[in-house]
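Have a look at the structure below, then the notes.
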Amino acid sequence: HDKKIIFPLINKEGAEWYSNANILIYDFISQSFIGLHETAKVIYDIGGHQGVWTLYYAGAVGPNGRVYMSEPIIINIECAALACCANGIEYETISGIGVADSAMTLSPYEEGLQVAGISHKLNLLPLSHVIWHKPDFLKIDIDGYEYDLVKSTPHVFDMADNIHLELHIPFMQ
C-alpha cells in the first residue's frame, strides 16, 4: 500500500534494526508483491517485535480488518503500541504473550534465547491459545522456537490461507 507509516525509534535496538534499512528488504514487501495478504481481513503477527510488520499489515487489511500481534518482550510491546497510536491505527490487538510449542516461562538470559538483554521473564503459550479468529494470513517469527512449534502443532499449516514462517536455524532447540 502507499500510506506513509510513522515509526518511532525509541531504543537502541529499534534504531539499529530499522533506521537505515532499505524498505525493500522486508518480507512484507515480497508478501504483498505475490499477493499473500491481498484479500486478508484477519492477520496474525506472531513474534511481532516492535510492530513494523503489524503497522504494514494494518494498512493492508484497512479499518474493516483486524491485526493481532503477539510479542513477549515489554519494550517491544511499548514500541508497537506507540507506533500504532502515532499512526492512528485502532484495529490491532497487541498482546504481551509469546508463542512456543507449549506453555512455559523463560528466565532472563536463558541459554538459546535469541533476544539478548531482557531482564524480565517471558511468558509463552501454545499457538492455539493466541489464535482467536481464523486468520487469512499468519506470520510466525519466534526466534528459534519455530521448529518445535511446527512439530507440536502440525495443523499450523491448516490454520490460515497463507503463512510466512521464518526459521531461525542457528537458534533451533
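Each chain in the C-alpha cells gets a letter, A, B, ..., in the order shown, and its residues are numbered from 1; ligands are numbered from 1 in order too.
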
task = Based on DSSP run over this structure's backbone, return all residues of segment 5-173 of chain A in strand (DSSP E or B), as a PyMOL selection string.
result = chain A and resi 42-46+66-70+92-95+98-100+104-106+122-126+137-140+162-165

request  = Would you kindly return, as a PyMOL selection string, each protein, DNA or RNA residue with an atom no farther than 7 Å from any atom of Leu122 of chain A, considering only C-alpha atoms and excluding same-chain residues fewer than 6 positions away?
outcome  = chain A and resi 72-73+105-107

Take the selection from the previous step and output its residues with C-alpha atoms, as a PDB file, in the first residue's frame.
ATOM      1  CA  PRO A  72       6.583 -11.287  24.941  1.00  0.00           C
ATOM      2  CA  ILE A  73       9.180  -8.517  25.389  1.00  0.00           C
ATOM      3  CA  THR A 105       8.117 -19.228  31.272  1.00  0.00           C
ATOM      4  CA  LEU A 106      11.676 -18.434  30.208  1.00  0.00           C
ATOM      5  CA  SER A 107      14.026 -16.772  32.634  1.00  0.00           C
TER       6      SER A 107
END

key: Residues flagged alpha helix (DSSP H) by DSSP in chain A, as a PyMOL selection string   = chain A and resi 12-18+27-33+52-61+74-86+146-152

message = Neighbouring residues of Ala160 of chain A were defined as those with any atom within 10 Å, considering only C-alpha atoms; residues of the same chain fewer than 2 positions away were excluded. Please report them as a list in words.
response = Val42, Ile43, Tyr44, Lys134, Pro135, Asp136, Phe137, Leu138, Lys139, His155, Val156, Phe157, Asp158, Asn162 and Ile163 of chain A

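Straight-line separation from atom CA of Leu36 of chain A to atom CA of Glu78 of chain A: 27.8 Å.
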
inquiry  = At a cut-off of 12 Å, using only C-alpha atoms, what residues contact Tyr18 of chain A? Leave out same-chain residues fewer than 3 positions from it and give the result as a list in words.
reply    =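 The neighbour list is Ile6, Phe7, Pro8, Leu9, Ile10, Asn11, Lys12, Glu13, Gly14, Ala15, Ala21, Asn22, Ile23, Ile25, Tyr26, His49, Gln50, Gly51, Val52 and Trp53 of chain A.
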
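Checking A:His168, A:Gly98, A:Ile140, A:Ser152 one by one against Lys121 of chain A, counting only C-alpha atoms, you find the shortest gap at A:Gly98.
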
Find the residues near Gly48 of chain A: any atom within 6 Å, counting only C-alpha atoms, skip ones fewer than 2 places away on the same chain, and give them as an mmCIF file with N, CA, C and O atoms, in the first residue's frame.
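To be explicit, this is the file written out as result_16.cif:
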data_model
loop_
_atom_site.group_PDB
_atom_site.id
_atom_site.type_symbol
_atom_site.label_atom_id
_atom_site.label_comp_id
_atom_site.auth_asym_id
_atom_site.auth_seq_id
_atom_site.Cartn_x
_atom_site.Cartn_y
_atom_site.Cartn_z
ATOM 1 N N ASP A 45 0.345 -11.566 13.588
ATOM 2 C CA ASP A 45 1.779 -11.302 13.569
ATOM 3 C C ASP A 45 2.351 -11.898 14.854
ATOM 4 O O ASP A 45 2.390 -11.245 15.891
ATOM 5 N N ILE A 46 2.742 -13.164 14.792
ATOM 6 C CA ILE A 46 3.247 -13.878 15.966
ATOM 7 C C ILE A 46 4.754 -13.660 16.039
ATOM 8 O O ILE A 46 5.490 -14.060 15.154
ATOM 9 N N GLY A 51 6.602 -4.018 16.075
ATOM 10 C CA GLY A 51 5.367 -3.652 15.392
ATOM 11 C C GLY A 51 5.497 -3.174 13.964
ATOM 12 O O GLY A 51 4.515 -2.721 13.384
ATOM 13 N N MET A 69 -1.198 -9.002 17.169
ATOM 14 C CA MET A 69 0.248 -9.143 17.346
ATOM 15 C C MET A 69 0.524 -9.767 18.709
ATOM 16 O O MET A 69 -0.035 -9.337 19.709
ATOM 17 N N SER A 70 1.386 -10.783 18.741
ATOM 18 C CA SER A 70 1.852 -11.377 19.992
ATOM 19 C C SER A 70 3.349 -11.151 20.103
ATOM 20 O O SER A 70 4.086 -11.402 19.152
ATOM 21 N N GLU A 71 3.772 -10.697 21.262
ATOM 22 C CA GLU A 71 5.180 -10.385 21.496
ATOM 23 C C GLU A 71 5.419 -10.419 23.009
ATOM 24 O O GLU A 71 4.699 -9.753 23.750
#

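The two atoms in question, atom CA of Asp27 of chain A and atom CA of Asn76 of chain A, are spaced 19.0 Å apart.
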